[in-house]
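Chemist: Sharing a structure with you now.
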Amino acid sequence: MPVQLLSTERETLWENITTFFLGERQLPGTYTAVRRLLHRAGYPGERAVRAYWGVRIFLAGVFAVGGFFFVALLRSPVSHMLLLVAASACMGYLLPYFHVLRKAKLRLRQIQEVLPDTLDLLVV
């Protein structure tokens, strides 16, 4: 009887959202740029990629619903409603990307600041 180590790990909400929309299959190789960006930001592994896409999908939906309710409260015309809902969904979809990009840049800067001291300690 084979032992499955990964089955003991519990999936997060974000991974469940990704599984709901994208299915159980492995994400295709086109997501390697996302995987590299997440790794630079300090989130290595396949689970981080699935969680990242889950957050992006979830926030796009939440922002779209929020934009719809905001426009409904203002009683704007349908053209304004469609524009604001689409803009809100795009903003929710892009926010996780910009957050991870910012974290990757901060982590790279931190590594570059610590590297000379680490090399000095290694030489000594």
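Please note that chains go A, B, ... in the order of the structure tokens, that every chain numbers its residues from 1, and that ligands are numbered from 1 in the order shown.
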Near segment 11-14 of chain A, counting only C-alpha atoms, which residues have an atom at most 8 Å away, once you skip same-chain residues fewer than 6 positions from it, shown as a ChimeraX atom specification?
Modeler: /A:50-55,58
Chemist: Write the residues of the selection above to a file with N, CA and C atoms, as a PDB file, in the first residue's frame.
Modeler:
```pdb
ATOM      1  N   ARG A  50      -1.088  27.601  -7.131  1.00  0.00           N
ATOM      2  CA  ARG A  50      -2.531  27.344  -7.072  1.00  0.00           C
ATOM      3  C   ARG A  50      -3.220  28.349  -6.147  1.00  0.00           C
ATOM      4  N   ALA A  51      -2.598  28.655  -5.013  1.00  0.00           N
ATOM      5  CA  ALA A  51      -3.180  29.627  -4.092  1.00  0.00           C
ATOM      6  C   ALA A  51      -3.211  31.019  -4.722  1.00  0.00           C
ATOM      7  N   TYR A  52      -2.153  31.366  -5.443  1.00  0.00           N
ATOM      8  CA  TYR A  52      -2.075  32.667  -6.111  1.00  0.00           C
ATOM      9  C   TYR A  52      -3.218  32.840  -7.110  1.00  0.00           C
ATOM     10  N   TRP A  53      -3.440  31.810  -7.945  1.00  0.00           N
ATOM     11  CA  TRP A  53      -4.521  31.904  -8.923  1.00  0.00           C
ATOM     12  C   TRP A  53      -5.880  31.905  -8.243  1.00  0.00           C
ATOM     13  N   GLY A  54      -6.006  31.196  -7.137  1.00  0.00           N
ATOM     14  CA  GLY A  54      -7.261  31.221  -6.385  1.00  0.00           C
ATOM     15  C   GLY A  54      -7.568  32.604  -5.841  1.00  0.00           C
ATOM     16  N   VAL A  55      -6.545  33.280  -5.319  1.00  0.00           N
ATOM     17  CA  VAL A  55      -6.726  34.639  -4.795  1.00  0.00           C
ATOM     18  C   VAL A  55      -7.098  35.591  -5.925  1.00  0.00           C
ATOM     19  N   PHE A  58     -10.748  34.894  -6.946  1.00  0.00           N
ATOM     20  CA  PHE A  58     -11.648  35.307  -5.875  1.00  0.00           C
ATOM     21  C   PHE A  58     -11.774  36.830  -5.802  1.00  0.00           C
TER      22      PHE A  58
END
```
Chemist: At a cut-off of 9 Å, using only C-alpha atoms, what residues contact segment 61-77 of chain A? Leave out same-chain residues fewer than 3 positions from it and give the result as a ChimeraX atom specification.
Modeler: /A:56-58,80-82,84-93
Chemist: Store the residues of this selection in a file with C-alpha atoms, as a PDB file, in the first residue's frame.
Modeler:
```
ATOM      1  CA  ARG A  56      -6.755  36.340  -8.202  1.00  0.00           C
ATOM      2  CA  ILE A  57     -10.011  34.667  -9.246  1.00  0.00           C
ATOM      3  CA  PHE A  58     -11.648  35.307  -5.875  1.00  0.00           C
ATOM      4  CA  HIS A  80     -21.672  53.028 -16.473  1.00  0.00           C
ATOM      5  CA  MET A  81     -22.532  49.893 -14.537  1.00  0.00           C
ATOM      6  CA  LEU A  82     -20.840  47.602 -17.053  1.00  0.00           C
ATOM      7  CA  LEU A  84     -17.390  50.034 -13.425  1.00  0.00           C
ATOM      8  CA  VAL A  85     -17.992  46.304 -12.888  1.00  0.00           C
ATOM      9  CA  ALA A  86     -15.383  45.455 -15.537  1.00  0.00           C
ATOM     10  CA  ALA A  87     -12.897  47.954 -14.094  1.00  0.00           C
ATOM     11  CA  SER A  88     -13.482  46.624 -10.583  1.00  0.00           C
ATOM     12  CA  ALA A  89     -12.966  43.033 -11.704  1.00  0.00           C
ATOM     13  CA  CYS A  90      -9.731  44.004 -13.487  1.00  0.00           C
ATOM     14  CA  MET A  91      -8.490  45.814 -10.401  1.00  0.00           C
ATOM     15  CA  GLY A  92      -9.260  42.806  -8.194  1.00  0.00           C
ATOM     16  CA  TYR A  93      -7.518  40.520 -10.681  1.00  0.00           C
TER      17      TYR A  93
END
```
Chemist: Write out as number ranges by chain the set of residues from chain A that DSSP, computed on the backbone, places in helix (DSSP H, G or I).
Modeler: A: 6-8, 13-22, 29-41, 46-74, 78-123
